[in-house]
Amino acid sequence: MVSKTEEAQVNRLENQVDNGGGGAWEYLCLVRTLKLRRSDKVLKHGLSILNDPKKRSSLGPDEWTLYEQVAIAAMDCQCLDVAKDCIKVLQKRFPDSKRVGKLEAMLLEAKGSWVEAEKAYTSLLEDNPLDQVIHKRRSAMAKAQGNTSGAIEWLNKYLEIFMADHDAWRELAEIYVSLQMYKQAAFCYEELILSQPTTPLYHLAYADVLYTLGGLENLQTAKKYYASTIDLTGGKNTRALLGICLCTFSIGELTKGRNKEGKESSDLQCLAAAALEKDYKQRAPTKLALLNSTLKSLKLSS
Amino acid sequence: MAEDLVLDTAIRDWVLIPLSVVMVLIGVLRYFVSKLMRSSQSPDAKIVKEGQIIIRARNLRAGANFIPPKSFRARRVYFSNEENGLLYVPKGQAQNAQAQMFSDPNMAMDMMKKNLSMIIPQTLTFAWVNFFFSGFVAAKIPFPLTQRFRSMLQNGIDLSTVDVSYVSSRSWYFLNLFGLRGLFSLILGEENAMDDTQRMMQMSGFGFDPTKGLSAEKDGLDIVQHEWALPKFEQRAEAVLRKLVS
């Protein structure tokens, strides 16, 4: 994930390049290192560099990396002839290269000829069975075709070998959530929390999944994770605050008969409600009435 | 004994500086030669998988307190299970890493190449230093030393009354050998700054021994006591919110 300073830098460079100032090459390099997906800008500025023979020769050996970057951006924007031209140039220069083979397979994928792309990827994998990008492209292809269970299968196979790749776990968790397989999604989020315990995003997502699963134990765990999100973000995450209120309410519903833990949880709920009110007053005063009515309905019944 | 010997500046011009320059050049040359000769090693699937398992087990140990106890226990069993746990290596299979290294011809060739690229320039330079630059005092070390160092530092000088701080050019050669890493990192970029000490360490290490790594991780995982940190977070969140609201 990109840090704030890096994002600010990229945006600044983007503005500079868009408004006619120089620095297109630095912008493209930064986008490449940070792995951002800004294909339209990359395409526009990359092509302007490539079509100008003086600028192109001043790049030296980096010219080919730029061709690769522009080819991928063109495929993302569906300008397939631009992509084809770039790939042809690369093919002439590096006739037997695996990287160029990967680009060709991606072009087949972009055109929509799924079967041929599948064949191309399989043959590339035979030569090089440990290439992570190709594995991931296969499951991306399955997802694009709408075959989510196929995507899950490919991702699982990939994760059996490369189990420390947290991006893949994240993708798998999102797919599971979209298919409503919440238990498996919870497992994936646990993996993510293990590898990066201080990222509030994963705590929040895990809490959401647990809340959706329901059941007293899950609700209590969800409440704890909402609390940890609040702690990690300094109380600024609205979703976590609302989550706390909802969780406390649901726990109260479930434990209506037993009178054990009624007292300690209400503190947190009141505080969360107060923080929410303050936040809404500052940022969205028009919606304050809506918030107050919701909170009242939660408070009254618990 | 505390007399100051006056050293000819010609020594500095014709011995110290050329020796350093030659060693730097040899280092650069060795870098380029190793780049040319390096055969791309296709990674073995099993080794990659084991590496990833180790990373995942390490993450589990580090973040154990952040996930619910049930999930932690389930994962621990998955890893260290006696029958088919990922980290479990049955005693018979703990392969002798050395035997494996030597039987695989590619790896043996690689090691030979690495060793050669280091031994030959070192030997040649040392012989050159000995031949041309022996028999005289080359430099003075700015701090006093004990008599023990005499045999090491004053090898070509056969006078026993000269102060130990006055050293021969052989010691200048050794100083350069161990010290040029900073210069190499400037010239060749950060990762390639390998001077000879690191190469010697690489030469003696026998490379990746995956079985030991796995059993070490398994032991570490068995030791971990799970202490769920989340309940504390509820109180911390309360404190944060209190501060925010007040």
# chains A, B, ... in the order shown; residues from 1 in each chain; ligands from 1

$ select_by_dssp --residues "stretch 167-248 of chain A" --states "alpha helix (DSSP H)" --output "PyMOL selection string"
chain A and resi 167-178+182-195+200-213+216-233+238-248

$ interface_residues --of "chain A" --to "chain B" --cutoff "9 Å" --atoms "only C-alpha atoms" --output "mmCIF file with N, CA and C atoms, in the first residue's frame"
data_model
loop_
_atom_site.group_PDB
_atom_site.id
_atom_site.type_symbol
_atom_site.label_atom_id
_atom_site.label_comp_id
_atom_site.auth_asym_id
_atom_site.auth_seq_id
_atom_site.Cartn_x
_atom_site.Cartn_y
_atom_site.Cartn_z
ATOM 1 N N ASN A 128 8.460 -22.214 -16.620
ATOM 2 C CA ASN A 128 8.879 -21.454 -15.460
ATOM 3 C C ASN A 128 7.853 -21.623 -14.359
ATOM 4 N N PRO A 129 7.840 -22.776 -13.682
ATOM 5 C CA PRO A 129 6.705 -23.073 -12.805
ATOM 6 C C PRO A 129 6.614 -22.188 -11.579
ATOM 7 N N LEU A 130 7.605 -21.334 -11.330
ATOM 8 C CA LEU A 130 7.545 -20.564 -10.107
ATOM 9 C C LEU A 130 7.337 -19.088 -10.369
ATOM 10 N N GLU A 160 -1.018 -22.291 -1.899
ATOM 11 C CA GLU A 160 -0.376 -23.465 -1.305
ATOM 12 C C GLU A 160 1.126 -23.370 -1.430
ATOM 13 N N ILE A 161 1.582 -22.780 -2.549
ATOM 14 C CA ILE A 161 3.032 -22.659 -2.713
ATOM 15 C C ILE A 161 3.532 -21.364 -2.081
ATOM 16 N N PHE A 162 2.845 -20.258 -2.417
ATOM 17 C CA PHE A 162 3.365 -18.967 -1.970
ATOM 18 C C PHE A 162 2.502 -18.455 -0.852
ATOM 19 N N MET A 163 2.641 -19.065 0.341
ATOM 20 C CA MET A 163 1.670 -18.689 1.354
ATOM 21 C C MET A 163 1.973 -17.396 2.065
ATOM 22 N N ALA A 164 3.043 -16.736 1.738
ATOM 23 C CA ALA A 164 3.331 -15.502 2.460
ATOM 24 C C ALA A 164 2.945 -14.268 1.659
ATOM 25 N N ASP A 165 2.192 -14.446 0.584
ATOM 26 C CA ASP A 165 1.858 -13.314 -0.284
ATOM 27 C C ASP A 165 0.572 -12.673 0.207
ATOM 28 N N PHE A 187 -11.066 -16.552 7.848
ATOM 29 C CA PHE A 187 -9.741 -17.176 7.908
ATOM 30 C C PHE A 187 -8.708 -16.332 7.169
ATOM 31 N N GLU A 190 -7.799 -13.323 9.050
ATOM 32 C CA GLU A 190 -6.894 -13.634 10.158
ATOM 33 C C GLU A 190 -5.460 -13.706 9.680
ATOM 34 N N GLU A 191 -5.259 -14.345 8.492
ATOM 35 C CA GLU A 191 -3.903 -14.386 7.931
ATOM 36 C C GLU A 191 -3.353 -12.995 7.729
ATOM 37 N N ILE A 193 -4.211 -10.233 9.283
ATOM 38 C CA ILE A 193 -3.910 -9.586 10.561
ATOM 39 C C ILE A 193 -2.597 -10.114 11.109
ATOM 40 N N LEU A 194 -2.353 -11.431 10.927
ATOM 41 C CA LEU A 194 -1.099 -11.994 11.418
ATOM 42 C C LEU A 194 0.093 -11.352 10.748
ATOM 43 N N SER A 195 -0.031 -11.136 9.427
ATOM 44 C CA SER A 195 1.169 -10.635 8.754
ATOM 45 C C SER A 195 1.342 -9.148 8.959
ATOM 46 N N GLN A 196 0.238 -8.404 9.150
ATOM 47 C CA GLN A 196 0.376 -6.952 9.346
ATOM 48 C C GLN A 196 -0.546 -6.525 10.465
ATOM 49 N N PRO A 197 -0.161 -6.757 11.707
ATOM 50 C CA PRO A 197 -1.120 -6.554 12.804
ATOM 51 C C PRO A 197 -1.470 -5.102 13.082
ATOM 52 N N THR A 221 -16.424 -10.994 19.775
ATOM 53 C CA THR A 221 -15.117 -10.835 19.135
ATOM 54 C C THR A 221 -15.128 -9.651 18.185
ATOM 55 N N LYS A 223 -16.884 -7.008 18.398
ATOM 56 C CA LYS A 223 -16.823 -5.757 19.152
ATOM 57 C C LYS A 223 -15.380 -5.445 19.523
ATOM 58 N N LYS A 224 -14.635 -6.498 19.939
ATOM 59 C CA LYS A 224 -13.245 -6.263 20.325
ATOM 60 C C LYS A 224 -12.434 -5.746 19.151
ATOM 61 N N TYR A 225 -12.718 -6.294 17.975
ATOM 62 C CA TYR A 225 -11.922 -5.852 16.824
ATOM 63 C C TYR A 225 -12.310 -4.455 16.370
ATOM 64 N N TYR A 226 -13.597 -4.092 16.527
ATOM 65 C CA TYR A 226 -13.953 -2.707 16.239
ATOM 66 C C TYR A 226 -13.198 -1.777 17.185
ATOM 67 N N ALA A 227 -13.123 -2.220 18.458
ATOM 68 C CA ALA A 227 -12.398 -1.405 19.436
ATOM 69 C C ALA A 227 -10.937 -1.259 19.052
ATOM 70 N N SER A 228 -10.342 -2.353 18.573
ATOM 71 C CA SER A 228 -8.926 -2.237 18.214
ATOM 72 C C SER A 228 -8.756 -1.325 17.014
ATOM 73 N N THR A 229 -9.747 -1.331 16.089
ATOM 74 C CA THR A 229 -9.656 -0.409 14.952
ATOM 75 C C THR A 229 -9.710 1.028 15.442
ATOM 76 N N ILE A 230 -10.616 1.269 16.410
ATOM 77 C CA ILE A 230 -10.718 2.631 16.937
ATOM 78 C C ILE A 230 -9.392 3.038 17.558
ATOM 79 N N ASP A 231 -8.810 2.098 18.281
ATOM 80 C CA ASP A 231 -7.535 2.406 18.916
ATOM 81 C C ASP A 231 -6.456 2.704 17.884
ATOM 82 N N LEU A 232 -6.416 1.892 16.821
ATOM 83 C CA LEU A 232 -5.363 2.068 15.832
ATOM 84 C C LEU A 232 -5.555 3.325 15.009
ATOM 85 N N GLY A 234 -7.101 6.116 16.193
ATOM 86 C CA GLY A 234 -7.303 7.289 17.039
ATOM 87 C C GLY A 234 -8.736 7.737 17.098
ATOM 88 N N GLY A 235 -9.675 6.828 16.892
ATOM 89 C CA GLY A 235 -11.074 7.205 17.052
ATOM 90 C C GLY A 235 -11.679 7.885 15.844
ATOM 91 N N ASP A 267 -20.607 1.708 28.570
ATOM 92 C CA ASP A 267 -19.654 2.825 28.558
ATOM 93 C C ASP A 267 -19.126 3.080 27.163
ATOM 94 N N LEU A 268 -18.638 1.990 26.572
ATOM 95 C CA LEU A 268 -18.034 2.113 25.251
ATOM 96 C C LEU A 268 -19.064 2.593 24.251
ATOM 97 N N LEU A 271 -19.714 6.304 24.692
ATOM 98 C CA LEU A 271 -18.588 7.077 24.175
ATOM 99 C C LEU A 271 -18.591 7.083 22.659
ATOM 100 N N ALA A 272 -18.846 5.913 22.077
ATOM 101 C CA ALA A 272 -18.849 5.835 20.607
ATOM 102 C C ALA A 272 -19.931 6.715 20.038
ATOM 103 N N ALA A 274 -21.231 9.368 21.403
ATOM 104 C CA ALA A 274 -20.851 10.773 21.554
ATOM 105 C C ALA A 274 -19.831 11.176 20.501
ATOM 106 N N ALA A 275 -18.850 10.290 20.265
ATOM 107 C CA ALA A 275 -17.838 10.614 19.260
ATOM 108 C C ALA A 275 -18.471 10.765 17.884
ATOM 109 N N LYS A 278 -20.233 14.077 17.574
ATOM 110 C CA LYS A 278 -19.276 15.180 17.384
ATOM 111 C C LYS A 278 -18.780 15.209 15.946
#

$ closest_residue --among "B:Asp13, B:Val167, B:Phe79, B:Arg150" --to "B:Gly220" --atoms "only C-alpha atoms"
B:Phe79

$ residues_around --residues "B:Leu19" --least-positions-apart "6" --cutoff "10 Å" --atoms "only C-alpha atoms" --output "JSON, numbers by chain"
{"B": [13, 25, 125, 128, 129, 133, 169, 172, 173, 176]}

$ atom_distance --atom1 "atom CA of A:Ala151" --atom2 "atom CA of A:Arg138"
7.9 Å

$ atom_distance --atom1 "atom CA of B:Leu221" --atom2 "atom CA of A:Lys157"
24.9 Å

$ closest_residue --among "A:Gly23, A:Pro61, A:Gly214, A:Gly146" --to "A:Arg93" --atoms "only C-alpha atoms"
A:Pro61

$ residues_around --residues "A:Leu216" --least-positions-apart "2" --cutoff "9 Å" --atoms "only C-alpha atoms" --output "VMD selection string"
chain A and resid 214 218 to 221 250 to 251 254 to 255

$ residues_around --residues "B:Tyr166" --least-positions-apart "4" --cutoff "8 Å" --atoms "only C-alpha atoms" --output "VMD selection string"
chain B and resid 137 to 141 154 162

$ write_last_selection --atoms "C-alpha atoms" --output "mmCIF file, in the first residue's frame"
data_model
loop_
_atom_site.group_PDB
_atom_site.id
_atom_site.type_symbol
_atom_site.label_atom_id
_atom_site.label_comp_id
_atom_site.auth_asym_id
_atom_site.auth_seq_id
_atom_site.Cartn_x
_atom_site.Cartn_y
_atom_site.Cartn_z
ATOM 1 C CA VAL B 137 58.746 0.411 6.467
ATOM 2 C CA ALA B 138 55.686 1.652 4.668
ATOM 3 C CA ALA B 139 53.586 3.513 7.189
ATOM 4 C CA LYS B 140 53.144 4.425 10.792
ATOM 5 C CA ILE B 141 50.061 3.485 12.711
ATOM 6 C CA GLN B 154 56.334 -6.082 10.424
ATOM 7 C CA VAL B 162 61.893 -0.629 15.315
#

$ atom_distance --atom1 "atom CA of B:Trp14" --atom2 "atom CA of B:Arg148"
28.7 Å

$ residues_around --residues "stretch 78-90 of chain A" --least-positions-apart "4" --cutoff "9 Å" --atoms "only C-alpha atoms" --output "mmCIF file with C-alpha atoms, in the first residue's frame"
data_model
loop_
_atom_site.group_PDB
_atom_site.id
_atom_site.type_symbol
_atom_site.label_atom_id
_atom_site.label_comp_id
_atom_site.auth_asym_id
_atom_site.auth_seq_id
_atom_site.Cartn_x
_atom_site.Cartn_y
_atom_site.Cartn_z
ATOM 1 C CA TRP A 64 12.158 -1.155 -23.392
ATOM 2 C CA TYR A 67 7.424 0.036 -23.947
ATOM 3 C CA GLU A 68 6.328 -2.683 -21.539
ATOM 4 C CA VAL A 70 2.839 1.557 -22.089
ATOM 5 C CA ALA A 71 1.733 -1.797 -23.537
ATOM 6 C CA ILE A 72 0.123 -2.794 -20.250
ATOM 7 C CA ALA A 73 -1.512 0.629 -19.873
ATOM 8 C CA ALA A 74 -2.835 0.435 -23.436
ATOM 9 C CA PHE A 94 13.991 -9.630 -27.476
ATOM 10 C CA PRO A 95 12.831 -12.537 -29.604
ATOM 11 C CA VAL A 100 7.455 -10.561 -23.925
ATOM 12 C CA LEU A 103 2.775 -9.554 -22.601
ATOM 13 C CA GLU A 104 1.499 -11.475 -25.600
ATOM 14 C CA LEU A 107 -2.884 -9.167 -25.092
ATOM 15 C CA ALA A 110 -7.414 -8.285 -23.257
ATOM 16 C CA LYS A 111 -8.893 -9.218 -26.614
#
